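Below: coords.pdb (PDB, C-alpha atoms, pLDDT in the B column)
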```pdb
MODEL        1
ATOM      1  CA  ASN J   1      -7.851  10.829  19.424  1.00 70.00           C
ATOM      2  CA  ALA J   2      -7.878   7.241  18.213  1.00 76.00           C
ATOM      3  CA  GLY J   3      -5.404   8.105  15.459  1.00 91.00           C
ATOM      4  CA  VAL J   4      -5.547   5.612  12.596  1.00 95.00           C
ATOM      5  CA  THR J   5      -7.713   2.538  13.044  1.00 96.00           C
ATOM      6  CA  GLN J   6      -8.108  -0.496  10.805  1.00 97.00           C
ATOM      7  CA  THR J   7     -10.883  -3.057  10.530  1.00 96.00           C
ATOM      8  CA  PRO J   8     -10.612  -6.050  10.721  1.00 96.00           C
ATOM      9  CA  LYS J   9      -7.393  -7.011  12.522  1.00 95.00           C
ATOM     10  CA  PHE J  10      -7.289 -10.520  11.080  1.00 96.00           C
ATOM     11  CA  ARG J  11      -9.008 -12.225   8.169  1.00 96.00           C
ATOM     12  CA  VAL J  12      -8.762 -15.528   6.365  1.00 97.00           C
ATOM     13  CA  LEU J  13     -10.128 -15.776   2.828  1.00 96.00           C
ATOM     14  CA  LYS J  14     -10.390 -18.503   0.260  1.00 97.00           C
ATOM     15  CA  THR J  15      -9.030 -17.908  -3.211  1.00 97.00           C
ATOM     16  CA  GLY J  16     -11.542 -15.973  -5.271  1.00 96.00           C
ATOM     17  CA  GLN J  17     -13.397 -14.422  -2.356  1.00 97.00           C
ATOM     18  CA  SER J  18     -13.705 -10.675  -2.018  1.00 96.00           C
ATOM     19  CA  MET J  19     -13.344  -8.382   0.956  1.00 95.00           C
ATOM     20  CA  THR J  20     -12.933  -4.765   1.971  1.00 97.00           C
ATOM     21  CA  LEU J  21     -10.493  -3.393   4.518  1.00 97.00           C
ATOM     22  CA  LEU J  22     -11.544  -0.219   6.277  1.00 97.00           C
ATOM     23  CA  CYS J  23      -9.200   2.509   7.449  1.00 97.00           C
ATOM     24  CA  ALA J  24     -10.366   5.469   9.505  1.00 97.00           C
ATOM     25  CA  GLN J  25      -8.472   8.470  10.842  1.00 95.00           C
ATOM     26  CA  ASP J  26      -9.600  11.235  13.165  1.00 93.00           C
ATOM     27  CA  MET J  27      -6.665  13.619  12.674  1.00 89.00           C
ATOM     28  CA  ASN J  28      -8.224  15.602   9.828  1.00 88.00           C
ATOM     29  CA  HIS J  29      -5.464  14.416   7.503  1.00 90.00           C
ATOM     30  CA  GLU J  30      -5.746  15.058   3.785  1.00 90.00           C
ATOM     31  CA  TYR J  31      -3.587  12.170   2.588  1.00 91.00           C
ATOM     32  CA  MET J  32      -4.208   8.481   3.172  1.00 94.00           C
ATOM     33  CA  TYR J  33      -2.282   5.396   2.070  1.00 95.00           C
ATOM     34  CA  TRP J  34      -2.476   1.632   1.868  1.00 97.00           C
ATOM     35  CA  TYR J  35       0.722  -0.430   2.139  1.00 97.00           C
ATOM     36  CA  ARG J  36       1.439  -4.122   2.242  1.00 97.00           C
ATOM     37  CA  GLN J  37       4.252  -5.739   4.186  1.00 96.00           C
ATOM     38  CA  ASP J  38       5.561  -9.129   3.215  1.00 93.00           C
ATOM     39  CA  PRO J  39       7.966 -11.221   5.319  1.00 82.00           C
ATOM     40  CA  GLY J  40      11.482  -9.834   5.320  1.00 75.00           C
ATOM     41  CA  MET J  41      10.495  -6.839   3.235  1.00 78.00           C
ATOM     42  CA  GLY J  42       9.739  -3.236   3.831  1.00 85.00           C
ATOM     43  CA  LEU J  43       6.363  -1.717   3.163  1.00 93.00           C
ATOM     44  CA  ARG J  44       5.240  -1.226  -0.405  1.00 94.00           C
ATOM     45  CA  LEU J  45       2.627   1.328  -1.422  1.00 94.00           C
ATOM     46  CA  ILE J  46      -0.542  -0.089  -2.996  1.00 96.00           C
ATOM     47  CA  HIS J  47      -2.728   3.002  -3.502  1.00 96.00           C
ATOM     48  CA  TYR J  48      -2.974   6.424  -1.989  1.00 94.00           C
ATOM     49  CA  SER J  49      -5.319   9.404  -1.847  1.00 94.00           C
ATOM     50  CA  VAL J  50      -4.522  13.104  -1.646  1.00 90.00           C
ATOM     51  CA  GLY J  51      -8.065  14.085  -0.802  1.00 91.00           C
ATOM     52  CA  GLU J  52     -11.691  13.088  -0.612  1.00 93.00           C
ATOM     53  CA  GLY J  53     -12.863  11.619  -3.886  1.00 93.00           C
ATOM     54  CA  THR J  54      -9.351  11.144  -5.318  1.00 93.00           C
ATOM     55  CA  THR J  55      -7.175   8.050  -5.499  1.00 95.00           C
ATOM     56  CA  ALA J  56      -3.961   7.085  -7.271  1.00 94.00           C
ATOM     57  CA  LYS J  57      -1.876   3.975  -7.873  1.00 94.00           C
ATOM     58  CA  GLY J  58       1.222   3.204  -5.902  1.00 92.00           C
ATOM     59  CA  GLU J  59       3.981   0.689  -6.508  1.00 91.00           C
ATOM     60  CA  VAL J  60       1.914  -2.527  -6.367  1.00 95.00           C
ATOM     61  CA  PRO J  61      -1.727  -1.693  -7.275  1.00 96.00           C
ATOM     62  CA  ASP J  62      -2.705  -4.789  -9.254  1.00 96.00           C
ATOM     63  CA  GLY J  63      -5.529  -6.820  -7.742  1.00 96.00           C
ATOM     64  CA  TYR J  64      -6.676  -3.991  -5.460  1.00 97.00           C
ATOM     65  CA  ASN J  65      -9.161  -1.156  -5.661  1.00 97.00           C
ATOM     66  CA  VAL J  66      -9.691   1.752  -3.310  1.00 97.00           C
ATOM     67  CA  SER J  67     -12.241   4.420  -2.548  1.00 97.00           C
ATOM     68  CA  ARG J  68     -12.175   7.629  -0.532  1.00 97.00           C
ATOM     69  CA  LEU J  69     -15.775   8.783  -0.304  1.00 94.00           C
ATOM     70  CA  LYS J  70     -15.243  10.528   3.020  1.00 95.00           C
ATOM     71  CA  LYS J  71     -12.155  12.385   4.145  1.00 95.00           C
ATOM     72  CA  GLN J  72     -11.726  10.264   7.241  1.00 96.00           C
ATOM     73  CA  ASN J  73     -12.110   6.858   5.551  1.00 97.00           C
ATOM     74  CA  PHE J  74     -10.037   4.965   2.993  1.00 98.00           C
ATOM     75  CA  LEU J  75     -11.248   1.562   1.814  1.00 98.00           C
ATOM     76  CA  LEU J  76      -9.110  -1.140   0.233  1.00 98.00           C
ATOM     77  CA  GLY J  77     -10.907  -3.807  -1.765  1.00 97.00           C
ATOM     78  CA  LEU J  78      -9.836  -7.190  -3.040  1.00 95.00           C
ATOM     79  CA  GLU J  79     -12.276  -8.334  -5.711  1.00 91.00           C
ATOM     80  CA  SER J  80     -10.918 -11.846  -6.186  1.00 95.00           C
ATOM     81  CA  ALA J  81      -8.349 -12.748  -3.545  1.00 95.00           C
ATOM     82  CA  ALA J  82      -5.238 -14.713  -4.492  1.00 96.00           C
ATOM     83  CA  PRO J  83      -2.665 -16.457  -2.263  1.00 96.00           C
ATOM     84  CA  SER J  84      -0.105 -13.857  -3.398  1.00 96.00           C
ATOM     85  CA  GLN J  85      -2.156 -11.271  -1.524  1.00 97.00           C
ATOM     86  CA  THR J  86      -1.435 -12.931   1.803  1.00 97.00           C
ATOM     87  CA  SER J  87       0.240 -10.115   3.685  1.00 97.00           C
ATOM     88  CA  VAL J  88      -0.035  -7.585   6.470  1.00 97.00           C
ATOM     89  CA  TYR J  89      -1.814  -4.446   5.302  1.00 98.00           C
ATOM     90  CA  PHE J  90      -1.117  -1.078   6.835  1.00 97.00           C
ATOM     91  CA  CYS J  91      -3.050   2.116   6.427  1.00 97.00           C
ATOM     92  CA  ALA J  92      -1.448   5.496   7.071  1.00 95.00           C
ATOM     93  CA  SER J  93      -2.422   9.137   6.960  1.00 93.00           C
ATOM     94  CA  SER J  94      -0.619  12.455   6.856  1.00 89.00           C
ATOM     95  CA  TYR J  95      -0.759  16.166   6.123  1.00 78.00           C
ATOM     96  CA  ILE J  96      -3.038  18.752   7.547  1.00 67.00           C
ATOM     97  CA  ARG J  97      -4.033  21.409   5.045  1.00 65.00           C
ATOM     98  CA  GLY J  98      -2.142  24.598   5.797  1.00 60.00           C
ATOM     99  CA  SER J  99       0.610  22.761   7.618  1.00 61.00           C
ATOM    100  CA  VAL J 100       3.972  24.503   7.689  1.00 58.00           C
ATOM    101  CA  TYR J 101       5.544  21.291   6.474  1.00 56.00           C
ATOM    102  CA  SER J 102       5.333  20.452   2.803  1.00 51.00           C
ATOM    103  CA  THR J 103       5.908  16.824   3.700  1.00 57.00           C
ATOM    104  CA  ASP J 104       4.276  15.632   6.875  1.00 75.00           C
ATOM    105  CA  THR J 105       4.948  12.520   8.851  1.00 85.00           C
ATOM    106  CA  GLN J 106       2.801   9.504   8.065  1.00 89.00           C
ATOM    107  CA  TYR J 107       1.081   7.871  11.011  1.00 91.00           C
ATOM    108  CA  PHE J 108       0.187   4.224  10.730  1.00 94.00           C
ATOM    109  CA  GLY J 109      -2.670   2.040  11.816  1.00 95.00           C
ATOM    110  CA  PRO J 110      -2.103  -1.249  13.673  1.00 95.00           C
ATOM    111  CA  GLY J 111      -2.295  -3.393  10.552  1.00 96.00           C
ATOM    112  CA  THR J 112      -4.558  -6.143   9.197  1.00 97.00           C
ATOM    113  CA  ARG J 113      -3.171  -9.643   8.806  1.00 96.00           C
ATOM    114  CA  LEU J 114      -4.768 -11.264   5.753  1.00 97.00           C
ATOM    115  CA  THR J 115      -4.330 -14.894   4.785  1.00 96.00           C
ATOM    116  CA  VAL J 116      -5.615 -16.189   1.458  1.00 96.00           C
ATOM    117  CA  LEU J 117      -5.858 -19.966   1.226  1.00 96.00           C
TER     118      LEU J 117
ATOM    119  CA  ALA B   1      13.206   6.572  -9.041  1.00 81.00           C
ATOM    120  CA  GLN B   2      14.191   6.674  -5.418  1.00 88.00           C
ATOM    121  CA  LYS B   3      15.562   3.778  -3.423  1.00 94.00           C
ATOM    122  CA  VAL B   4      16.417   3.045   0.211  1.00 96.00           C
ATOM    123  CA  THR B   5      18.856   0.326   1.188  1.00 96.00           C
ATOM    124  CA  GLN B   6      19.325  -1.148   4.634  1.00 97.00           C
ATOM    125  CA  ALA B   7      22.132  -3.601   4.084  1.00 95.00           C
ATOM    126  CA  GLN B   8      21.966  -5.096   7.584  1.00 96.00           C
ATOM    127  CA  THR B   9      19.053  -7.493   7.614  1.00 95.00           C
ATOM    128  CA  GLU B  10      19.645  -8.657  11.169  1.00 96.00           C
ATOM    129  CA  ILE B  11      21.827  -7.476  14.060  1.00 97.00           C
ATOM    130  CA  SER B  12      22.259  -9.127  17.421  1.00 98.00           C
ATOM    131  CA  VAL B  13      23.832  -7.343  20.387  1.00 97.00           C
ATOM    132  CA  VAL B  14      24.062  -7.823  24.105  1.00 97.00           C
ATOM    133  CA  GLU B  15      22.290  -5.358  26.348  1.00 97.00           C
ATOM    134  CA  LYS B  16      24.201  -2.114  27.021  1.00 97.00           C
ATOM    135  CA  GLU B  17      26.141  -2.357  23.787  1.00 97.00           C
ATOM    136  CA  ASP B  18      25.923   0.503  21.295  1.00 97.00           C
ATOM    137  CA  VAL B  19      24.568  -0.365  17.870  1.00 98.00           C
ATOM    138  CA  THR B  20      24.344   1.531  14.579  1.00 98.00           C
ATOM    139  CA  LEU B  21      21.766   0.783  11.914  1.00 98.00           C
ATOM    140  CA  ASP B  22      22.785   1.848   8.427  1.00 98.00           C
ATOM    141  CA  CYS B  23      20.570   3.495   5.831  1.00 98.00           C
ATOM    142  CA  VAL B  24      21.653   4.548   2.341  1.00 98.00           C
ATOM    143  CA  TYR B  25      19.280   6.313  -0.024  1.00 97.00           C
ATOM    144  CA  GLU B  26      19.162   7.256  -3.692  1.00 96.00           C
ATOM    145  CA  THR B  27      17.258  10.135  -5.223  1.00 94.00           C
ATOM    146  CA  ARG B  28      17.860  12.756  -7.886  1.00 92.00           C
ATOM    147  CA  ASP B  29      15.725  15.310  -6.096  1.00 90.00           C
ATOM    148  CA  THR B  30      17.400  18.001  -4.039  1.00 89.00           C
ATOM    149  CA  THR B  31      14.483  18.319  -1.625  1.00 88.00           C
ATOM    150  CA  TYR B  32      13.537  15.181   0.218  1.00 91.00           C
ATOM    151  CA  TYR B  33      12.708  13.876   3.665  1.00 91.00           C
ATOM    152  CA  LEU B  34      14.090  10.950   5.596  1.00 93.00           C
ATOM    153  CA  PHE B  35      12.351   8.962   8.291  1.00 94.00           C
ATOM    154  CA  TRP B  36      12.985   6.172  10.744  1.00 96.00           C
ATOM    155  CA  TYR B  37      10.201   3.949  12.031  1.00 96.00           C
ATOM    156  CA  LYS B  38      10.305   1.222  14.665  1.00 97.00           C
ATOM    157  CA  GLN B  39       8.216  -1.935  14.398  1.00 95.00           C
ATOM    158  CA  PRO B  40       8.224  -3.807  17.716  1.00 95.00           C
ATOM    159  CA  PRO B  41       7.115  -7.456  17.955  1.00 93.00           C
ATOM    160  CA  SER B  42       3.535  -6.280  18.474  1.00 91.00           C
ATOM    161  CA  GLY B  43       3.556  -5.160  14.840  1.00 91.00           C
ATOM    162  CA  GLU B  44       2.635  -1.495  14.823  1.00 92.00           C
ATOM    163  CA  LEU B  45       4.822   1.121  13.161  1.00 93.00           C
ATOM    164  CA  VAL B  46       6.113   3.823  15.468  1.00 93.00           C
ATOM    165  CA  PHE B  47       7.473   7.062  14.067  1.00 92.00           C
ATOM    166  CA  LEU B  48      10.923   7.967  15.430  1.00 94.00           C
ATOM    167  CA  ILE B  49      12.322  10.878  13.434  1.00 91.00           C
ATOM    168  CA  ARG B  50      11.857  13.029  10.336  1.00 90.00           C
ATOM    169  CA  ARG B  51      14.647  15.075   8.709  1.00 90.00           C
ATOM    170  CA  ASN B  52      14.659  17.230   5.601  1.00 87.00           C
ATOM    171  CA  SER B  53      17.484  17.349   3.079  1.00 90.00           C
ATOM    172  CA  PHE B  54      18.517  20.855   4.050  1.00 88.00           C
ATOM    173  CA  ASP B  55      19.172  20.036   7.661  1.00 85.00           C
ATOM    174  CA  GLU B  56      22.320  17.972   8.111  1.00 83.00           C
ATOM    175  CA  GLN B  57      22.621  18.541  11.816  1.00 83.00           C
ATOM    176  CA  ASN B  58      22.863  15.367  13.803  1.00 85.00           C
ATOM    177  CA  GLU B  59      20.080  14.794  16.274  1.00 86.00           C
ATOM    178  CA  ILE B  60      20.040  13.171  19.662  1.00 87.00           C
ATOM    179  CA  SER B  61      16.983  12.042  21.577  1.00 88.00           C
ATOM    180  CA  GLY B  62      17.847  10.219  24.763  1.00 93.00           C
ATOM    181  CA  ARG B  63      19.692   7.047  23.809  1.00 95.00           C
ATOM    182  CA  TYR B  64      18.879   7.535  20.130  1.00 95.00           C
ATOM    183  CA  SER B  65      20.978   9.574  17.715  1.00 94.00           C
ATOM    184  CA  TRP B  66      20.908  10.069  13.979  1.00 94.00           C
ATOM    185  CA  ASN B  67      23.764  10.943  11.630  1.00 94.00           C
ATOM    186  CA  PHE B  68      22.685  12.472   8.312  1.00 95.00           C
ATOM    187  CA  GLN B  69      25.418  12.832   5.675  1.00 94.00           C
ATOM    188  CA  LYS B  70      24.400  14.039   2.221  1.00 93.00           C
ATOM    189  CA  SER B  71      27.910  13.445   0.871  1.00 93.00           C
ATOM    190  CA  THR B  72      27.452   9.703   1.329  1.00 95.00           C
ATOM    191  CA  SER B  73      23.629   9.667   1.027  1.00 96.00           C
ATOM    192  CA  SER B  74      23.350   8.068   4.426  1.00 96.00           C
ATOM    193  CA  PHE B  75      21.055   8.515   7.397  1.00 96.00           C
ATOM    194  CA  ASN B  76      22.335   6.197  10.111  1.00 97.00           C
ATOM    195  CA  PHE B  77      20.687   5.495  13.436  1.00 97.00           C
ATOM    196  CA  THR B  78      22.605   4.729  16.623  1.00 97.00           C
ATOM    197  CA  ILE B  79      21.206   3.330  19.842  1.00 97.00           C
ATOM    198  CA  THR B  80      23.474   3.880  22.814  1.00 96.00           C
ATOM    199  CA  ALA B  81      23.425   1.438  25.729  1.00 97.00           C
ATOM    200  CA  SER B  82      20.873  -0.803  24.038  1.00 97.00           C
ATOM    201  CA  GLN B  83      18.072  -2.376  26.034  1.00 97.00           C
ATOM    202  CA  VAL B  84      15.956  -5.464  25.488  1.00 97.00           C
ATOM    203  CA  VAL B  85      12.978  -3.191  24.738  1.00 96.00           C
ATOM    204  CA  ASP B  86      14.873  -1.885  21.720  1.00 97.00           C
ATOM    205  CA  SER B  87      14.408  -5.264  20.033  1.00 97.00           C
ATOM    206  CA  ALA B  88      12.380  -4.528  16.914  1.00 97.00           C
ATOM    207  CA  VAL B  89      12.562  -4.118  13.171  1.00 96.00           C
ATOM    208  CA  TYR B  90      13.694  -0.644  12.189  1.00 97.00           C
ATOM    209  CA  PHE B  91      12.782   0.898   8.854  1.00 97.00           C
ATOM    210  CA  CYS B  92      14.383   3.815   7.099  1.00 97.00           C
ATOM    211  CA  ALA B  93      12.193   5.614   4.550  1.00 95.00           C
ATOM    212  CA  LEU B  94      12.425   8.434   2.012  1.00 94.00           C
ATOM    213  CA  SER B  95       9.783  10.880   0.798  1.00 90.00           C
ATOM    214  CA  LEU B  96      10.060  13.443  -1.965  1.00 85.00           C
ATOM    215  CA  ASN B  97       8.633  16.932  -1.895  1.00 73.00           C
ATOM    216  CA  ASN B  98       5.590  16.241  -4.031  1.00 73.00           C
ATOM    217  CA  ALA B  99       1.847  15.876  -3.726  1.00 66.00           C
ATOM    218  CA  GLY B 100       1.014  12.735  -1.870  1.00 74.00           C
ATOM    219  CA  ASN B 101       4.330  12.524  -0.018  1.00 77.00           C
ATOM    220  CA  MET B 102       4.621   8.800  -0.640  1.00 84.00           C
ATOM    221  CA  LEU B 103       7.193   6.896   1.372  1.00 90.00           C
ATOM    222  CA  THR B 104       9.769   4.547  -0.102  1.00 92.00           C
ATOM    223  CA  PHE B 105      10.894   2.094   2.553  1.00 94.00           C
ATOM    224  CA  GLY B 106      14.090   0.157   2.999  1.00 95.00           C
ATOM    225  CA  GLY B 107      13.868  -3.547   3.694  1.00 94.00           C
ATOM    226  CA  GLY B 108      14.293  -3.080   7.422  1.00 96.00           C
ATOM    227  CA  THR B 109      16.875  -4.191   9.988  1.00 97.00           C
ATOM    228  CA  ARG B 110      15.861  -6.636  12.685  1.00 96.00           C
ATOM    229  CA  LEU B 111      17.629  -5.743  15.927  1.00 98.00           C
ATOM    230  CA  MET B 112      17.792  -8.323  18.687  1.00 98.00           C
ATOM    231  CA  VAL B 113      19.062  -7.167  22.042  1.00 97.00           C
ATOM    232  CA  LYS B 114      19.902 -10.041  24.353  1.00 97.00           C
ATOM    233  CA  PRO B 115      19.991  -9.668  28.122  1.00 95.00           C
TER     234      PRO B 115
ENDMDL
END
```

Could you render the structure from this file as structure tokens?
Amino acid sequence: NAGVTQTPKFRVLKTGQSMTLLCAQDMNHEYMYWYRQDPGMGLRLIHYSVGEGTTAKGEVPDGYNVSRLKKQNFLLGLESAAPSQTSVYFCASSYIRGSVYSTDTQYFGPGTRLTVL
Amino acid sequence: AQKVTQAQTEISVVEKEDVTLDCVYETRDTTYYLFWYKQPPSGELVFLIRRNSFDEQNEISGRYSWNFQKSTSSFNFTITASQVVDSAVYFCALSLNNAGNMLTFGGGTRLMVKP
């Protein structure tokens, strides 16, 4: 099992450029999440998905879009990057359908370091 | 809305010292889950422990122990006989019992263990 993987690991954009971050998980998890981590701060939830074809806004969704066309993949898009979006982005997944736990542990990918100039 | 506070932004200890990382949470829900994650210098987030609100038993795992007290809304983490490899940022997080199970993170505590 690779767990949760993220592509790319690093990226530098110019203001106004667009890009898509890819998250993939091979644990058959139902839920997937995108967080951002800024210096000296904890992680903040951008968007999340409770299943294929569904997405919802988190705490800081502005400037981002997401899609979950396949259960194992969760894409995060920046349509017009801004310097304020310079951050480390983490993807996570959790919850196997039928699990005895109503709240499962989230497992995180290695992160993507994005710099917007 | 829920909130997690880690008042200690940075702690420095000498190897073999014991250290406690504080975590205080706020929620109106009676069912919730608390987590600790470790973020070493390499940057990944490593899951350490998960506790639910109905289980106040303290837990010990090797040099790590956790003290959950609902009366003070705290979920503190103690490392006994700290080692240099324990140097990392530690995050406490809270999840409610709802669809999506989103995590609310504290700001993190940076622990530096000096040889």

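Coordinates place atom CA of B:Asn101 at a distance of 18.3 Å from atom CA of B:Asp55.
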
Determine, counting only C-alpha atoms, which protein, DNA and RNA residues have an atom within 8 Å of an atom of B:Gly100; residues of the same chain fewer than 2 positions away are not included. Present the result as an MDAnalysis selection string.
(chainID J and resid 31 48:50) or (chainID B and resid 98 102)

Could you jot down the atom CA of B:Glu56 to atom CA of B:Leu96 separation for me, Å, one decimal place?
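Computing the Euclidean distance for atom CA of B:Glu56 and atom CA of B:Leu96 yields 16.5 Å.
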
For the structure shown, which residues end up in the ChimeraX specification (/J :<7) & /B? Put them as a PyMOL selection string, please?
chain B and resi 43-45+97+100-101+105-108

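Here, the PyMOL selection byres ((chain J and resi 53) around 7) matches Gly51, Glu52, Thr54, Thr55, Arg68 and Leu69 of chain J.
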
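Once B:Ile49 and its same-chain neighbours fewer than 3 positions away are set aside, J:Thr105, B:Leu34, B:Phe35, B:Trp36, B:Tyr37, B:Trp66 remain within 9 Å of it when counting all atoms listed in the file.
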
Just say which residues the PyMOL selection byres ((chain B and resi 83) around 10) picks in this file, as a VMD selection string.
chain B and resid 13 to 18 63 79 to 82 84 to 87 112 to 115

Kindly save the residues from that selection, with C-alpha atoms included, as a JSON list (two decimals), in the coordinates of the input.
```json
[["chain", "number", "residue", "atom", "x", "y", "z"],
["B", 13, "VAL", "CA", 23.83, -7.34, 20.39],
["B", 14, "VAL", "CA", 24.06, -7.82, 24.10],
["B", 15, "GLU", "CA", 22.29, -5.36, 26.35],
["B", 16, "LYS", "CA", 24.20, -2.11, 27.02],
["B", 17, "GLU", "CA", 26.14, -2.36, 23.79],
["B", 18, "ASP", "CA", 25.92, 0.50, 21.30],
["B", 63, "ARG", "CA", 19.69, 7.05, 23.81],
["B", 79, "ILE", "CA", 21.21, 3.33, 19.84],
["B", 80, "THR", "CA", 23.47, 3.88, 22.81],
["B", 81, "ALA", "CA", 23.42, 1.44, 25.73],
["B", 82, "SER", "CA", 20.87, -0.80, 24.04],
["B", 84, "VAL", "CA", 15.96, -5.46, 25.49],
["B", 85, "VAL", "CA", 12.98, -3.19, 24.74],
["B", 86, "ASP", "CA", 14.87, -1.88, 21.72],
["B", 87, "SER", "CA", 14.41, -5.26, 20.03],
["B", 112, "MET", "CA", 17.79, -8.32, 18.69],
["B", 113, "VAL", "CA", 19.06, -7.17, 22.04],
["B", 114, "LYS", "CA", 19.90, -10.04, 24.35],
["B", 115, "PRO", "CA", 19.99, -9.67, 28.12]]
```
